[in-house]
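Visitor: Can you keep this structure in mind? I'll have questions shortly.
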Amino acid sequence: MTILVCGEALYDVFFDGERPEGFTLDARIGGSCFNVAVGVARLGARVGLLTGMSRDRLGEKLVSTLDAEGVDTGFLARKDATTTLAMVSLQADGSAQYQFYGEGAADRAVTLADLPPVNVFDVAVFGCFSLLTVPTGDSFLTLAGRAAEAGKLVALDPNVRPTVEPDADVWRSRVDAFAQHADIIKVSAEDLAFLYPGETVEARAAAWRDGGTAVVVVTNGGDGVRLFAAGVDVTVAADKVAVVDTVGAGDSFLAALLVHLVDAGKANSAALGALTADDAREALAFATHAAAVTCGRRGADLPRRSDLSSVI
């Protein structure tokens with residue numbers, strides 16, 4: 001079974017120190033969708049990344065890293081464009097704030113001609129600011145529709161970035177459009193508050209499920225995670241961990257959740273429709289442990305299977 005992750009590939013640039021003449025910067029390979037693809041590969045599942053990839057030095061490093069991690073690079077659309085940079089400022093609690101520099105970048109330039117046929121993957125994953133960018137977001141929405149029509153599993157993680165687009169209405173419209181095709185929606189409580197202010201978690205999960213989504217997962221940082229499915233409402237506590245930063249934690253969670261569902265034979269609409277509370281707890285335990293491992297490391301350094309041996 002092949003998971004195709006569709007979205008951005010960039011560098012998270014940390015402020016590593018300040019000097020009289022400027023700053024020392026620490027550039028780490030990242031991007032939400034890039035991280036999810038690497039996370040899936042590290043956990044042993046077959047995965048490819050669909051994105052626009054620059055031919056510049058930064059892009060070449062991204063490609064070589066994907067190859068080294070075991071991510072299929074055959075879906076990449078190579079572009080004569082720049083590579084997106086995300087400037088990361090860490091807060092006192094380890095949470096991150098981002099400022100993106102990516103206008104005209106390669107990962108925003110995916111066209112309909114770059115889309116693969118739906119028979120070459122089994123699961124399609126969409127999320128973050130690639131939902132919005134043009135033409136990439138429009139192309140991905142087309143692919144999501146094609147995948148859903150062909151009976152492929154579609155997963156969505158909005159992973160909102162207000163510094164890319166501050167207008168909640170724009171984000172909401174796009175998320176709603178992708179949600180129409182999604183079997184699984186994983187979303188943070190913070191993103192829900194931004195997208196649907198005044199609406200309860202229960203109401204939003206019910207609305208998505210009424211629209212055809214089988215499983216809704218709501219993460220809430222250190223307060224744990226909650227899963228809604230047919231006849232199922234399960235909450236699992238977050239692992240206790242000394243947080244270095246939270247960069248990539250949500251990506252790690254999503255990657256682990258998808259891999260667990262694939263391993264358990266649940267990565268299809270029929271199986272998700274029959275998901276039990278015990279199934280949900282097992283999947284969430286695996287995914288929350290993966291996120292905790294990432295929180296204990298700097299940057300988006302997602303776990304390998306051996307890091308999660310206690311919950312396998």
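Residue names in the structure tokens use chain letters A, B, ... in the order shown, residue numbers from 1 in each chain, and ligand numbers from 1 in the order shown.
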Which polymer residues have any atom within 10 Å of an atom of stretch 30-36 of chain A, counting only C-alpha atoms, with same-chain residues fewer than 3 positions away left out, as number ranges by chain?
Guide: A: 4-13, 27, 39-42, 47-51, 62, 66, 71, 84-86, 125-130, 157, 159, 247-256, 258, 299-302
Visitor: For the residues selected in the previous step, produce a file with N, CA and C atoms as a compact mmCIF listing (two decimals), in the first residue's frame.
Guide:
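Result file again_29.txt:
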```txt
# COMPACT_ATOMS: atom_id res chain seq x y z
N LEU A 4 0.59 8.64 -0.61
CA LEU A 4 1.10 9.79 -1.34
C LEU A 4 0.80 11.05 -0.54
N VAL A 5 1.84 11.71 -0.08
CA VAL A 5 1.70 12.95 0.67
C VAL A 5 1.86 14.12 -0.29
N CYS A 6 0.92 15.05 -0.27
CA CYS A 6 0.88 16.14 -1.24
C CYS A 6 1.04 17.47 -0.51
N GLY A 7 2.13 18.18 -0.76
CA GLY A 7 2.30 19.46 -0.08
C GLY A 7 3.70 20.00 -0.13
N GLU A 8 3.96 20.95 0.74
CA GLU A 8 5.17 21.76 0.65
C GLU A 8 6.44 21.03 1.12
N ALA A 9 7.58 21.50 0.59
CA ALA A 9 8.90 21.07 1.00
C ALA A 9 9.74 22.34 1.15
N LEU A 10 10.33 22.54 2.32
CA LEU A 10 11.00 23.81 2.59
C LEU A 10 12.08 23.65 3.65
N TYR A 11 12.59 24.76 4.13
CA TYR A 11 13.55 24.77 5.23
C TYR A 11 12.98 25.58 6.38
N ASP A 12 12.99 24.97 7.59
CA ASP A 12 12.72 25.71 8.81
C ASP A 12 14.03 26.37 9.25
N VAL A 13 14.03 27.68 9.32
CA VAL A 13 15.24 28.42 9.65
C VAL A 13 15.11 28.99 11.07
N ALA A 27 19.39 26.21 9.54
CA ALA A 27 18.38 25.79 8.57
C ALA A 27 18.18 24.28 8.63
N GLY A 39 8.27 10.92 7.94
CA GLY A 39 7.80 10.17 9.10
C GLY A 39 7.19 8.84 8.73
N VAL A 40 6.42 8.81 7.65
CA VAL A 40 5.84 7.55 7.18
C VAL A 40 6.93 6.58 6.76
N ALA A 41 7.93 7.08 6.02
CA ALA A 41 9.02 6.23 5.57
C ALA A 41 9.81 5.66 6.75
N ARG A 42 10.07 6.49 7.75
CA ARG A 42 10.83 6.02 8.91
C ARG A 42 10.10 4.95 9.70
N VAL A 47 5.88 5.24 0.72
CA VAL A 47 5.38 6.61 0.65
C VAL A 47 6.10 7.38 -0.45
N GLY A 48 5.36 8.29 -1.07
CA GLY A 48 5.94 9.23 -2.02
C GLY A 48 5.50 10.63 -1.66
N LEU A 49 6.26 11.62 -2.14
CA LEU A 49 5.91 13.02 -1.93
C LEU A 49 5.63 13.68 -3.26
N LEU A 50 4.46 14.30 -3.36
CA LEU A 50 4.11 15.09 -4.53
C LEU A 50 4.23 16.57 -4.18
N THR A 51 5.14 17.25 -4.80
CA THR A 51 5.32 18.68 -4.60
C THR A 51 6.12 19.24 -5.75
N LEU A 62 17.01 18.69 -0.59
CA LEU A 62 15.73 18.10 -0.23
C LEU A 62 15.53 16.76 -0.94
N LEU A 66 15.22 13.00 0.75
CA LEU A 66 14.10 12.09 0.51
C LEU A 66 14.59 10.72 0.06
N VAL A 71 11.88 7.79 0.75
CA VAL A 71 10.65 8.36 0.18
C VAL A 71 10.77 8.35 -1.35
N THR A 84 11.09 27.43 -0.70
CA THR A 84 10.46 28.17 0.39
C THR A 84 11.30 28.10 1.67
N LEU A 85 11.36 29.22 2.38
CA LEU A 85 12.01 29.29 3.69
C LEU A 85 10.96 29.68 4.73
N ALA A 86 11.00 29.03 5.89
CA ALA A 86 10.11 29.36 7.00
C ALA A 86 10.98 29.79 8.18
N VAL A 125 -2.75 12.28 1.01
CA VAL A 125 -2.72 13.13 2.19
C VAL A 125 -2.52 14.58 1.75
N PHE A 126 -3.34 15.49 2.29
CA PHE A 126 -3.28 16.90 1.92
C PHE A 126 -3.26 17.75 3.19
N GLY A 127 -2.62 18.93 3.10
CA GLY A 127 -2.66 19.81 4.26
C GLY A 127 -1.74 21.01 4.17
N CYS A 128 -1.82 21.84 5.20
CA CYS A 128 -1.03 23.03 5.43
C CYS A 128 -1.23 24.06 4.32
N PHE A 129 -0.29 24.98 4.13
CA PHE A 129 -0.55 26.12 3.25
C PHE A 129 -0.61 25.74 1.79
N SER A 130 -0.20 24.51 1.45
CA SER A 130 -0.34 24.07 0.06
C SER A 130 -1.80 23.97 -0.36
N ASP A 157 -5.17 17.35 6.86
CA ASP A 157 -4.72 18.04 8.07
C ASP A 157 -4.56 19.51 7.72
N ASN A 159 -3.66 22.21 9.29
CA ASN A 159 -2.37 22.75 9.74
C ASN A 159 -2.24 24.22 9.34
N VAL A 247 8.07 21.64 16.97
CA VAL A 247 8.16 21.63 15.52
C VAL A 247 8.06 20.19 15.01
N GLY A 248 7.11 19.93 14.14
CA GLY A 248 6.95 18.61 13.55
C GLY A 248 6.14 17.64 14.38
N ALA A 249 5.67 18.04 15.56
CA ALA A 249 4.93 17.11 16.41
C ALA A 249 3.62 16.66 15.75
N GLY A 250 2.88 17.61 15.19
CA GLY A 250 1.64 17.26 14.51
C GLY A 250 1.87 16.40 13.29
N ASP A 251 2.97 16.67 12.58
CA ASP A 251 3.32 15.88 11.41
C ASP A 251 3.67 14.45 11.83
N SER A 252 4.40 14.34 12.92
CA SER A 252 4.76 13.02 13.45
C SER A 252 3.51 12.24 13.84
N PHE A 253 2.57 12.93 14.49
CA PHE A 253 1.31 12.30 14.88
C PHE A 253 0.58 11.75 13.66
N LEU A 254 0.44 12.58 12.63
CA LEU A 254 -0.29 12.17 11.44
C LEU A 254 0.39 11.00 10.74
N ALA A 255 1.71 11.07 10.60
CA ALA A 255 2.44 9.99 9.95
C ALA A 255 2.23 8.68 10.68
N ALA A 256 2.35 8.72 12.01
CA ALA A 256 2.19 7.50 12.80
C ALA A 256 0.76 6.98 12.76
N LEU A 258 -1.40 7.29 10.29
CA LEU A 258 -1.61 6.66 8.99
C LEU A 258 -0.93 5.31 8.90
N GLY A 299 13.65 20.61 16.28
CA GLY A 299 13.20 20.58 14.89
C GLY A 299 12.35 19.34 14.60
N ALA A 300 12.05 19.18 13.32
CA ALA A 300 11.18 18.08 12.89
C ALA A 300 11.99 16.82 12.67
N ASP A 301 12.45 16.23 13.77
CA ASP A 301 13.22 14.99 13.74
C ASP A 301 12.28 13.87 14.18
N LEU A 302 11.60 13.28 13.20
CA LEU A 302 10.53 12.33 13.48
C LEU A 302 11.08 10.95 13.82
```
Visitor: To test your reading of the structure, identify every residue in stretch 44-184 of chain A that backbone DSSP assigns to strand (DSSP E or B), and report it as a ChimeraX atom specification.
Guide: /A:46-50,52-54,72,77-79,84-90,96-101,123-127,153-157,184
Visitor: Please identify all polymer residues within 6 Å of A:Phe228, counting only C-alpha atoms, omitting same-chain residues fewer than 2 positions from it, and present them as a VMD selection string.
Guide: chain A and resid 215 to 216 232 to 233
Visitor: Keeping N, CA and C atoms for every residue in the selection just given, could you write it to a file as a compact mmCIF listing (two decimals), in the first residue's frame?
Guide:
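Everything below was put into part.txt:
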```txt
# COMPACT_ATOMS: atom_id res chain seq x y z
N VAL A 215 -13.65 9.53 10.06
CA VAL A 215 -12.91 9.70 11.31
C VAL A 215 -12.42 11.13 11.43
N VAL A 216 -12.67 11.74 12.57
CA VAL A 216 -12.15 13.07 12.89
C VAL A 216 -11.30 12.96 14.14
N VAL A 232 -18.18 6.10 18.17
CA VAL A 232 -16.92 6.14 18.93
C VAL A 232 -16.57 7.58 19.29
N ASP A 233 -16.24 7.80 20.55
CA ASP A 233 -15.74 9.09 21.03
C ASP A 233 -14.71 8.77 22.10
```
Visitor: Go ahead and compute the interatomic distance for atom CA of A:Thr83 and atom CA of A:Arg298, in Å to one decimal.
Guide: 21.8 Å
Visitor: Between A:Phe121, A:Trp208, A:Tyr196, A:Tyr101, which has the minimum distance to A:Val164 (counting only C-alpha atoms)?
Guide: A:Tyr101
Visitor: Any idea what's packed within 9 Å of A:Ala81, counting only C-alpha atoms, ignoring anything in its chain fewer than 3 positions away? Could you give it as a ChimeraX atom specification?
Guide: /A:52-56,78,104-107,109
Visitor: For the residues in the current selection, export C-alpha atoms as a PDB file, in the first residue's frame.
Guide:
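So the final result, stored in again-v6.pdb, reads:
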```
ATOM      1  CA  GLY A  52       7.072  21.210  -6.775  1.00  0.00           C
ATOM      2  CA  MET A  53      10.797  20.875  -6.120  1.00  0.00           C
ATOM      3  CA  SER A  54      13.388  23.498  -6.975  1.00  0.00           C
ATOM      4  CA  ARG A  55      16.475  22.702  -9.007  1.00  0.00           C
ATOM      5  CA  ASP A  56      18.510  25.058  -6.798  1.00  0.00           C
ATOM      6  CA  ARG A  78      11.096  19.737 -10.714  1.00  0.00           C
ATOM      7  CA  GLY A 104       6.804  32.119  -6.536  1.00  0.00           C
ATOM      8  CA  ALA A 105       8.556  29.127  -4.969  1.00  0.00           C
ATOM      9  CA  ALA A 106       8.590  25.667  -6.511  1.00  0.00           C
ATOM     10  CA  ASP A 107       6.197  24.073  -4.023  1.00  0.00           C
ATOM     11  CA  ALA A 109       3.800  25.765  -8.711  1.00  0.00           C
TER      12      ALA A 109
END
```
Visitor: With 12 Å as the cut-off and only C-alpha atoms counted, what is the closest atom pair between each nearby residue of stretch 98-192 of chain A and stretch 224-227 of chain A? Distances in Å to one decimal, ordered by chain and number, as a tab-separated table.
Guide:
```
residue	atom	partner	partner_atom	distance
A:Ile184	CA	A:Leu227	CA	10.3
A:Ile185	CA	A:Leu227	CA	9.9
A:Lys186	CA	A:Leu227	CA	9.0
A:Val187	CA	A:Val225	CA	9.9
A:Ser188	CA	A:Val225	CA	8.8
A:Ala189	CA	A:Val225	CA	9.2
```
Visitor: What's the 10 Å shell around A:Ala237, counting only C-alpha atoms, without same-chain residues fewer than 4 positions away, as a PDB file with C-alpha atoms, in the first residue's frame?
Guide:
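Wrote part.pdb, looks like this:
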```
ATOM      1  CA  ASN A 220      -4.779  19.441  21.798  1.00  0.00           C
ATOM      2  CA  GLY A 221      -1.071  19.478  22.636  1.00  0.00           C
ATOM      3  CA  GLY A 222      -0.323  18.430  26.190  1.00  0.00           C
ATOM      4  CA  ASP A 223      -4.038  17.931  26.861  1.00  0.00           C
ATOM      5  CA  GLY A 224      -4.189  14.865  24.640  1.00  0.00           C
ATOM      6  CA  VAL A 225      -6.190  13.859  21.598  1.00  0.00           C
ATOM      7  CA  ARG A 226      -9.789  12.915  20.836  1.00  0.00           C
ATOM      8  CA  LEU A 284      -3.985   7.213  19.146  1.00  0.00           C
ATOM      9  CA  ALA A 285      -1.499   5.694  21.600  1.00  0.00           C
ATOM     10  CA  THR A 288       0.775  10.363  20.512  1.00  0.00           C
TER      11      THR A 288
END
```
Visitor: Measuring atom to atom with only C-alpha atoms, identify which of A:Thr82, A:Asp72, A:Gln91, A:Val201 is nearest to A:Gly59.
Guide: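 Checking each of A:Thr82, A:Asp72, A:Gln91, A:Val201 against A:Gly59, counting only C-alpha atoms, the winner is A:Thr82.
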Visitor: Looking at only C-alpha atoms, which of A:Gly231, A:Gly273, A:Pro162, A:Gly296 is the one that sits closest to A:Phe100?
Guide: A:Pro162
Visitor: Using only C-alpha atoms, find the one residue out of A:Arg57, A:Arg304, A:His181, A:His289 that sits nearest to A:Leu153.
Guide: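 That would be A:His181, the residue with the smallest distance to A:Leu153.
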Visitor: Got a sec to tell me which of stretch 44-178 of chain A DSSP assigns to alpha helix (DSSP H), as JSON, numbers by chain?
Guide: {"A": [57, 58, 59, 60, 61, 62, 63, 64, 65, 66, 67, 68, 69, 136, 137, 138, 139, 140, 141, 142, 143, 144, 145, 146, 147, 148, 149, 168, 169, 170, 171, 172, 173, 174, 175, 176, 177, 178]}
Visitor: Atom CA of A:Pro158 and atom CA of A:Val262, how far apart in Å?
Guide: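 Answer for the atom CA of A:Val262 to atom CA of A:Pro158 separation: 21.3 Å.
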Visitor: Any idea what the distance is between atom CA of A:Ala147 and atom CA of A:Gly102?
Guide: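 Computing it gives 27.7 Å between the two atoms.
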Visitor: For a quick check of understanding, using only C-alpha atoms, which of A:Thr163, A:Val110, A:Pro117, A:Thr73 has the smallest distance to A:Met87?
Guide: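 When distances to A:Met87 are compared using only C-alpha atoms, the smallest one comes from A:Thr163.
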Visitor: Env of A:Leu272: 9 Å cut, atoms = only C-alpha atoms, seq-sep filter 3 positions within chain, self excluded. Answer as a VMD selection string.
Guide: chain A and resid 183 to 184 214 to 215 229 to 230 261 266 to 269 275 to 276
Visitor: Please list as a PyMOL selection string every residue within 10 Å of A:Val120, counting only C-alpha atoms and excluding residues in the same chain fewer than 3 positions away.
Guide: chain A and resi 1-4+116-117+123
